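Here is target_18.cif, consisting of mmCIF, C-alpha atoms:
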data_protein
#
loop_
_atom_site.label_atom_id
_atom_site.label_comp_id
_atom_site.auth_asym_id
_atom_site.auth_seq_id
_atom_site.Cartn_x
_atom_site.Cartn_y
_atom_site.Cartn_z
CA MET A 12 -21.82 -6.52 -1.47
CA ALA A 13 -23.85 -4.55 -4.01
CA LEU A 14 -22.02 -1.36 -3.01
CA ILE A 15 -18.60 -2.98 -3.49
CA LEU A 16 -19.56 -4.32 -6.91
CA LEU A 17 -20.82 -0.90 -7.93
CA LEU A 18 -17.61 0.77 -6.80
CA LEU A 19 -15.45 -1.76 -8.62
CA ALA A 20 -17.62 -2.32 -11.67
CA CYS A 21 -16.29 -5.88 -11.60
CA ALA A 22 -19.39 -8.04 -11.67
CA GLU A 23 -18.63 -9.76 -14.96
CA PRO A 24 -19.48 -13.50 -15.11
CA ASP A 25 -15.84 -14.38 -15.80
CA CYS A 26 -14.75 -13.04 -12.41
CA GLY A 27 -15.99 -15.98 -10.37
CA PRO A 28 -14.13 -17.82 -7.60
CA GLY A 29 -10.43 -18.21 -8.32
CA VAL A 30 -10.67 -16.15 -11.53
CA ILE A 31 -8.65 -12.97 -12.04
CA CYS A 32 -9.80 -9.79 -13.77
CA THR A 33 -8.63 -6.21 -14.12
CA VAL A 34 -10.60 -3.51 -12.31
CA ALA A 35 -8.35 -0.51 -12.95
CA GLY A 36 -5.61 0.39 -15.41
CA ASP A 37 -5.26 -0.65 -19.04
CA GLY A 38 -1.53 -1.32 -18.86
CA SER A 39 -0.42 2.06 -20.19
CA SER A 40 1.98 4.07 -18.05
CA GLY A 41 1.09 7.73 -17.73
CA TRP A 42 -1.89 10.00 -17.19
CA ASN A 43 -4.92 10.13 -19.49
CA GLY A 44 -7.45 12.09 -17.47
CA GLU A 45 -9.64 12.38 -14.41
CA GLY A 46 -12.87 10.51 -13.72
CA LEU A 47 -12.48 8.00 -16.54
CA VAL A 48 -13.76 4.44 -16.44
CA ALA A 49 -11.26 2.70 -14.16
CA ALA A 50 -10.38 -0.09 -16.58
CA ASP A 51 -9.63 2.51 -19.30
CA SER A 52 -7.53 4.74 -17.06
CA TRP A 53 -3.78 4.79 -17.06
CA LEU A 54 -1.88 4.04 -13.86
CA TYR A 55 1.82 4.72 -13.49
CA LEU A 56 3.24 2.21 -11.00
CA PRO A 57 0.37 1.52 -8.57
CA THR A 58 2.19 0.80 -5.33
CA ALA A 59 -0.40 0.45 -2.56
CA LEU A 60 -4.07 -0.14 -1.82
CA ALA A 61 -6.40 0.96 0.98
CA LEU A 62 -10.07 1.38 1.81
CA ASP A 63 -11.36 4.86 2.56
CA PRO A 64 -13.93 5.47 5.33
CA ASP A 65 -16.75 5.09 2.78
CA GLY A 66 -15.49 1.66 1.74
CA ARG A 67 -14.05 2.77 -1.59
CA PRO A 68 -10.92 0.91 -2.73
CA CYS A 69 -8.12 3.41 -3.34
CA VAL A 70 -4.77 3.12 -5.10
CA VAL A 71 -1.51 5.01 -4.79
CA ASP A 72 -0.56 6.12 -8.31
CA PHE A 73 3.16 6.55 -7.63
CA ASN A 74 4.44 8.21 -10.80
CA ASN A 75 1.24 10.14 -11.42
CA PHE A 76 1.78 11.69 -7.96
CA ARG A 77 -1.79 11.03 -6.88
CA VAL A 78 -4.00 8.95 -4.62
CA ARG A 79 -7.07 7.77 -6.54
CA CYS A 80 -10.25 5.95 -5.47
CA LEU A 81 -12.69 3.74 -7.37
CA ASP A 82 -16.14 5.26 -7.34
CA ALA A 83 -19.00 3.84 -9.44
CA GLY A 84 -16.46 2.22 -11.75
CA ARG A 85 -14.39 5.35 -12.26
CA LEU A 86 -11.11 6.61 -10.80
CA VAL A 87 -11.30 9.89 -8.91
CA THR A 88 -8.35 11.73 -7.37
CA VAL A 89 -8.48 12.44 -3.63
CA ALA A 90 -4.93 13.77 -3.20
CA GLY A 91 -2.18 15.11 -5.44
CA ASN A 92 -2.31 17.48 -8.39
CA GLY A 93 0.09 15.50 -10.57
CA GLU A 94 3.13 17.69 -9.90
CA HIS A 95 6.40 16.07 -8.84
CA LEU A 96 7.19 18.40 -5.94
CA TYR A 97 7.06 18.38 -2.15
CA SER A 98 3.59 18.59 -0.67
CA VAL A 99 2.57 22.04 0.57
CA PRO A 100 1.38 22.33 4.19
CA GLY A 101 -1.93 24.15 4.30
CA ALA A 102 -2.78 23.46 0.67
CA LEU A 103 -5.86 21.48 -0.27
CA LEU A 104 -4.93 17.81 -0.62
CA ALA A 105 -6.28 17.59 -4.16
CA GLU A 106 -4.36 20.73 -5.16
CA SER A 107 -1.02 19.95 -3.51
CA PRO A 108 1.91 18.26 -5.24
CA LEU A 109 3.14 14.93 -3.87
CA GLU A 110 6.72 13.76 -4.21
CA ASN A 111 6.08 10.15 -5.35
CA PRO A 112 3.44 8.90 -2.91
CA ILE A 113 4.13 5.25 -2.13
CA ASP A 114 1.69 4.30 0.62
CA VAL A 115 -1.68 5.44 1.95
CA GLU A 116 -4.02 4.69 4.82
CA TRP A 117 -6.79 6.40 6.74
CA SER A 118 -6.20 7.12 10.42
CA PRO A 119 -8.49 5.73 13.13
CA GLU A 120 -10.19 9.14 13.05
CA GLY A 121 -10.76 8.81 9.31
CA LEU A 122 -8.02 11.20 8.18
CA LEU A 123 -6.31 10.48 4.86
CA THR A 124 -2.62 9.85 5.53
CA ILE A 125 0.03 9.65 2.79
CA LEU A 126 3.69 8.73 2.64
CA PRO A 127 5.46 10.53 -0.24
CA LEU A 128 8.64 8.49 -0.69
CA HIS A 129 11.12 11.20 -1.62
CA GLU A 130 9.79 13.69 0.91
CA CYS A 131 10.96 11.38 3.71
CA ARG A 132 7.95 12.44 5.73
CA VAL A 133 4.35 11.48 6.42
CA VAL A 134 1.52 13.93 5.70
CA ARG A 135 -2.20 13.80 6.39
CA ASP A 136 -5.51 15.58 6.11
CA ASP A 137 -5.79 18.19 8.86
CA GLY A 138 -9.51 17.50 9.18
CA ALA A 139 -10.41 20.30 6.78
CA GLY A 140 -9.02 18.70 3.61
CA ARG A 141 -5.63 20.40 3.80
CA VAL A 142 -2.09 19.06 4.08
CA GLU A 143 -0.70 18.69 7.58
CA LEU A 144 2.78 17.36 8.42
CA LEU A 145 2.72 14.34 10.72
CA ALA A 146 6.28 12.95 10.84
CA GLY A 147 9.65 13.79 9.34
CA THR A 148 11.56 16.96 8.55
CA GLY A 149 11.72 16.31 4.81
CA GLU A 150 15.46 15.71 4.94
CA GLU A 151 16.80 12.22 4.44
CA GLY A 152 18.82 10.70 7.28
CA PHE A 153 18.43 8.94 10.57
CA ALA A 154 17.82 11.03 13.66
CA GLY A 155 15.23 11.98 16.21
CA ASP A 156 14.53 8.95 18.38
CA GLY A 157 13.17 10.06 21.72
CA GLY A 158 11.91 13.37 20.36
CA PRO A 159 9.00 14.76 18.35
CA ALA A 160 8.30 12.89 15.13
CA LEU A 161 8.22 16.17 13.23
CA ASP A 162 11.90 16.72 14.13
CA ALA A 163 12.97 13.23 13.03
CA ASN A 164 14.78 12.25 9.85
CA PHE A 165 13.85 9.16 7.85
CA GLY A 166 15.51 7.34 4.96
CA GLN A 167 12.97 7.23 2.13
CA PRO A 168 10.45 5.11 4.04
CA GLY A 169 8.44 2.73 1.88
CA GLY A 170 5.38 2.09 4.01
CA PHE A 171 3.42 2.86 7.15
CA THR A 172 0.40 1.72 9.10
CA TYR A 173 -1.70 2.60 12.10
CA ALA A 174 -1.54 -0.06 14.79
CA ALA A 175 -4.51 -1.15 16.90
CA ASP A 176 -3.61 1.42 19.57
CA GLY A 177 -3.55 4.23 17.01
CA SER A 178 0.23 4.58 16.94
CA LEU A 179 1.90 5.26 13.60
CA TRP A 180 4.46 2.67 12.41
CA ILE A 181 6.89 3.55 9.63
CA ALA A 182 9.02 1.22 7.52
CA ASP A 183 12.19 3.35 7.43
CA THR A 184 13.50 1.59 4.35
CA ASN A 185 16.91 3.08 3.67
CA ASN A 186 17.72 3.00 7.38
CA GLY A 187 16.74 -0.66 7.69
CA ALA A 188 14.50 0.11 10.64
CA VAL A 189 10.90 0.06 11.80
CA ARG A 190 9.96 3.14 13.79
CA ARG A 191 6.90 3.99 15.85
CA VAL A 192 5.24 7.30 16.67
CA GLY A 193 3.16 7.07 19.84
CA ALA A 194 0.14 9.05 20.95
CA ASP A 195 2.53 11.60 22.50
CA GLY A 196 4.08 12.28 19.07
CA VAL A 197 7.46 10.86 20.12
CA VAL A 198 9.31 8.62 17.66
CA GLU A 199 11.29 5.53 18.60
CA THR A 200 12.96 2.64 16.79
CA VAL A 201 11.16 -0.64 17.41
CA LEU A 202 13.20 -2.87 15.11
CA SER A 203 16.59 -2.38 13.47
CA ASP A 204 18.89 -4.35 11.16
CA VAL A 205 16.15 -5.09 8.62
CA PRO A 206 17.75 -3.77 5.40
CA GLY A 207 15.25 -2.90 2.72
CA VAL A 208 12.18 -3.24 4.93
CA GLN A 209 9.42 -2.19 2.60
CA ARG A 210 6.03 -2.34 4.26
CA VAL A 211 4.30 -2.56 7.61
CA ARG A 212 0.64 -3.51 8.02
CA ARG A 213 -1.62 -4.01 11.03
CA GLY A 214 -1.50 -7.59 12.33
CA ALA A 215 -3.46 -9.52 14.94
CA GLY A 216 -4.01 -7.90 18.33
CA ASP A 217 -1.28 -5.41 19.11
CA GLU A 218 1.12 -6.81 16.49
CA VAL A 219 2.29 -5.19 13.27
CA LEU A 220 3.31 -7.21 10.21
CA VAL A 221 6.75 -6.35 8.84
CA ALA A 222 7.75 -7.30 5.30
CA ASP A 223 11.52 -7.77 5.54
CA SER A 224 12.06 -7.55 1.81
CA PHE A 225 15.81 -8.17 1.54
CA GLY A 226 15.63 -10.87 4.21
CA GLY A 227 12.78 -12.67 2.47
CA ARG A 228 10.75 -12.82 5.69
CA VAL A 229 7.53 -11.64 7.25
CA LEU A 230 7.60 -10.85 10.96
CA ALA A 231 4.96 -10.00 13.54
CA VAL A 232 6.31 -7.30 15.87
CA THR A 233 5.00 -5.68 19.05
CA ALA A 234 5.63 -2.16 20.32
CA THR A 235 8.25 -3.51 22.73
CA GLY A 236 10.26 -4.95 19.83
CA GLU A 237 9.32 -8.57 20.41
CA SER A 238 9.08 -10.37 17.09
CA ARG A 239 8.06 -13.75 15.77
CA LEU A 240 8.70 -15.26 12.37
CA LEU A 241 5.63 -15.85 10.22
CA ALA A 242 7.28 -16.75 6.91
CA GLU A 243 10.75 -17.02 5.41
CA GLY A 244 12.46 -18.04 2.18
CA LEU A 245 10.38 -15.54 0.22
CA SER A 246 11.42 -13.52 -2.83
CA TYR A 247 11.37 -9.83 -1.97
CA PRO A 248 8.06 -9.78 -0.11
CA TRP A 249 6.75 -6.25 -0.58
CA SER A 250 3.61 -6.38 1.56
CA ALA A 251 1.73 -8.78 3.83
CA ARG A 252 -1.78 -8.71 5.26
CA LEU A 253 -4.00 -10.94 7.34
CA GLY A 254 -6.94 -12.23 5.33
CA PRO A 255 -10.51 -12.50 6.61
CA ASP A 256 -9.86 -16.24 6.96
CA GLY A 257 -7.03 -15.55 9.41
CA ALA A 258 -4.30 -16.67 7.02
CA LEU A 259 -1.29 -14.57 6.02
CA TYR A 260 -1.29 -13.27 2.46
CA VAL A 261 1.96 -12.02 0.95
CA ALA A 262 2.72 -10.01 -2.18
CA ASN A 263 5.80 -12.08 -3.01
CA SER A 264 6.98 -9.52 -5.49
CA GLY A 265 10.24 -11.02 -6.68
CA ALA A 266 8.43 -14.22 -7.66
CA HIS A 267 5.52 -12.32 -9.23
CA GLU A 268 2.92 -14.10 -7.14
CA VAL A 269 0.59 -13.78 -4.16
CA LEU A 270 0.89 -16.42 -1.46
CA ARG A 271 -1.49 -17.65 1.21
CA ILE A 272 0.38 -18.96 4.25
CA GLU A 273 -1.19 -20.88 7.11
CA ASP A 274 0.54 -23.03 9.74
CA GLY A 275 3.80 -22.58 7.86
CA GLU A 276 2.38 -23.96 4.61
CA ALA A 277 2.36 -21.70 1.56
CA GLU A 278 0.14 -21.94 -1.49
CA VAL A 279 0.00 -19.70 -4.54
CA VAL A 280 -3.33 -17.91 -4.97
CA ALA A 281 -2.35 -15.65 -7.87
CA GLY A 282 0.50 -15.59 -10.36
CA ASN A 283 2.36 -18.35 -12.19
CA GLY A 284 5.82 -17.12 -11.21
CA GLU A 285 6.62 -15.50 -14.56
CA ALA A 286 6.81 -11.75 -15.01
CA GLY A 287 4.37 -10.41 -17.58
CA PHE A 288 0.70 -9.83 -18.17
CA SER A 289 -1.84 -12.51 -19.00
CA GLY A 290 -4.72 -14.47 -17.63
CA ASP A 291 -7.72 -12.16 -17.23
CA GLY A 292 -10.88 -14.25 -17.24
CA GLY A 293 -9.00 -17.39 -16.26
CA PRO A 294 -7.60 -19.04 -13.12
CA ALA A 295 -5.59 -16.57 -11.03
CA VAL A 296 -2.86 -19.16 -10.44
CA ASP A 297 -2.22 -19.35 -14.22
CA ALA A 298 -2.07 -15.58 -14.70
CA MET A 299 1.10 -13.56 -15.14
CA LEU A 300 1.76 -10.72 -12.71
CA SER A 301 4.65 -8.31 -12.72
CA TRP A 302 5.91 -7.23 -9.33
CA PRO A 303 2.73 -7.26 -7.23
CA SER A 304 3.22 -4.64 -4.53
CA ASP A 305 0.16 -4.82 -2.28
CA ILE A 306 -3.06 -6.71 -1.60
CA LEU A 307 -6.37 -5.62 -0.12
CA PHE A 308 -9.44 -7.54 0.97
CA LEU A 309 -13.00 -6.37 0.34
CA ASP A 310 -16.14 -7.33 2.22
CA ASP A 311 -17.59 -9.14 -0.80
CA GLY A 312 -14.79 -11.72 -0.74
CA ARG A 313 -12.55 -10.16 -3.35
CA MET A 314 -8.82 -9.72 -3.03
CA LEU A 315 -7.36 -6.78 -4.92
CA ILE A 316 -3.76 -6.89 -6.15
CA SER A 317 -1.72 -3.86 -7.17
CA ASP A 318 0.01 -5.35 -10.20
CA MET A 319 2.62 -2.64 -10.19
CA GLN A 320 4.74 -3.13 -13.29
CA ASN A 321 1.63 -3.97 -15.33
CA GLY A 322 0.01 -0.68 -14.33
CA ARG A 323 -3.17 -2.41 -13.18
CA VAL A 324 -5.26 -3.28 -10.17
CA ARG A 325 -6.57 -6.81 -10.46
CA SER A 326 -9.23 -8.72 -8.57
CA VAL A 327 -9.66 -12.33 -7.45
CA LEU A 328 -12.73 -13.70 -5.68
CA SER A 329 -10.74 -15.55 -3.07
CA PHE A 330 -12.85 -16.60 -0.10
#
If you convert what's in this file into structure tokens, what do you get?
Amino acid sequence: MALILLLLACAEPDCGPGVICTVAGDGSSGWNGEGLVAADSWLYLPTALALDPDGRPCVVDFNNFRVRCLDAGRLVTVAGNGEHLYSVPGALLAESPLENPIDVEWSPEGLLTILPLHECRVVRDDGAGRVELLAGTGEEGFAGDGGPALDANFGQPGGFTYAADGSLWIADTNNGAVRRVGADGVVETVLSDVPGVQRVRRGAGDEVLVADSFGGRVLAVTATGESRLLAEGLSYPWSARLGPDGALYVANSGAHEVLRIEDGEAEVVAGNGEAGFSGDGGPAVDAMLSWPSDILFLDDGRMLISDMQNGRVRSVLSF
């Protein structure tokens, strides 16, 4: 726990159970420098959150074209040089451009993996800190099922995850599909007819959670395409994760709230349903969020929220 608090620099007394506070971003959109105190740094549409192999919380800084991690209370860049261009295979990750990164995760082997939205491809660390192509040709479209993932076309995918078996799942957003890359590098469509699917996240066992944004649902899907409904009637759910308590947590973006869902019953754990910014130091359920795009759980009991339109990462001690 001490390590997590050091990384976040969020040990203030007003951040007790059920209370919300900001751990990164001051609400300004843009770039104001490297290695600054996280709460004084600018974020430009933080879209996703992940833990690196060292346990550092990291954020995708979409319009700053970077992936940044919290380290001793400061934000440090681990990928992206701030240029709005396609990533360069063979270049050092920290020196390569990124074309609007939108999601990030580390592979089971500990390799940083990034999805740059407009590149329509997934890239990762080659093991030596350099850019390696993992899936996608870089051209938008829909093609390639049954063949190598590197020869496939995707439609501006909005999210990805590694499943329990190590396979790569991709939310192929503009194609309304969920696609899977197996250990053999072959891509296949697991789920179709899910317009606007935004995110996929690892679920329980061999399942993957699918945020069907336009459909207002969250599904649990297996590699064979079997699915079960976990939640419906939501307002543009952007991302969903299983919490340490076993419940489903959803970034219910269109309603500017985070939900906890268990046995079909939903309760708000952050956000009052109005778009805006307010509430730091007070109850999370009374705070205003603006288009929360992802959530992440830390070992010390904190839930991080990427409060996208507010340009902040916020924290709630939730369990």
Can you translate the PyMOL selection byres ((chain A and resi 216-233) around 7) into the concrete residues it hits in this file, as a VMD selection string? chain A and resid 174 to 175 205 to 215 234 to 251
Can you tell me which residues surround stretch 113-129 of chain A at a distance of at most 8 Å, considering all atoms listed in the file, apart from same-chain residues fewer than 5 positions away, and format the answer as a PyMOL selection string? chain A and resi 58-64+71-73+78+134-138+167-173+177
Between atom CA of A:Met299 and atom CA of A:Met314, what is the distance, to one decimal in Å?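 Taking atom CA of A:Met299 as the start and atom CA of A:Met314 as the end point, the length is 16.1 Å.
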What does the distance from atom CA of A:Pro294 to atom CA of A:Ile31 come to in Å, to one decimal? 6.3 Å
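Atom to atom, atom CA of A:Ser52 and atom CA of A:Gly287 stand 19.3 Å apart.
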For the PyMOL selection byres ((chain A and resi 300) around 6), applied here, can you spell out every residue it catches as a count of residues only? 7
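Listed by chain and then by number, the residues chosen by the PyMOL selection byres ((chain A and resi 159) around 9) in this file are Ala146, Gly155, Asp156, Gly157, Gly158, Ala160, Leu161, Asp162, Ala163, Val192, Asp195, Gly196, Val197 and Val198 of chain A.
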Write out as a ChimeraX atom specification which residues come within 9 Å of stretch 102-105 of chain A when counting only C-alpha atoms, dropping same-chain ones fewer than 2 positions away. /A:77-78,88-92,98-100,107-108,135-136,139-143
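Of the residues listed (A:Cys80, A:Gly27, A:Cys32, A:Ala295), A:Cys80 shows the shortest atom-to-atom separation from A:Leu47; distances use only C-alpha atoms.
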Is it possible to get the axis-aligned box enclosing stretch 170-186 of chain A (all listed atoms, 5 Å extra per side) as JSON, with centre and edge lengths in Å rounded to one decimal?
{"center_x": 6.6, "center_y": 2.1, "center_z": 11.6, "size_x": 32.2, "size_y": 16.4, "size_z": 25.9}
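In this comparison, which uses all atoms listed in the file, the residue of A:Ala83, A:Leu253, A:Glu278, A:Ser203 approaching A:Thr184 most closely is A:Ser203.
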I want to know what sits within 7 Å of A:Glu130, based on all atoms listed in the file, with residues of the same chain fewer than 6 positions away left out; could you give that as JSON, numbers by chain? {"A": [97, 110, 149]}
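When only C-alpha atoms are used to compute distances to A:Arg132, the closest of the residues A:Glu106, A:Asp310, A:Asp256, A:Asp183 turns out to be A:Asp183.
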Find the residue from A:Gly187, A:Gly265, A:Arg271, A:Val324 that sits nearest to A:Asp51; use all atoms listed in the file when measuring.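 Among A:Gly187, A:Gly265, A:Arg271, A:Val324, it is A:Val324 that comes nearest to A:Asp51.
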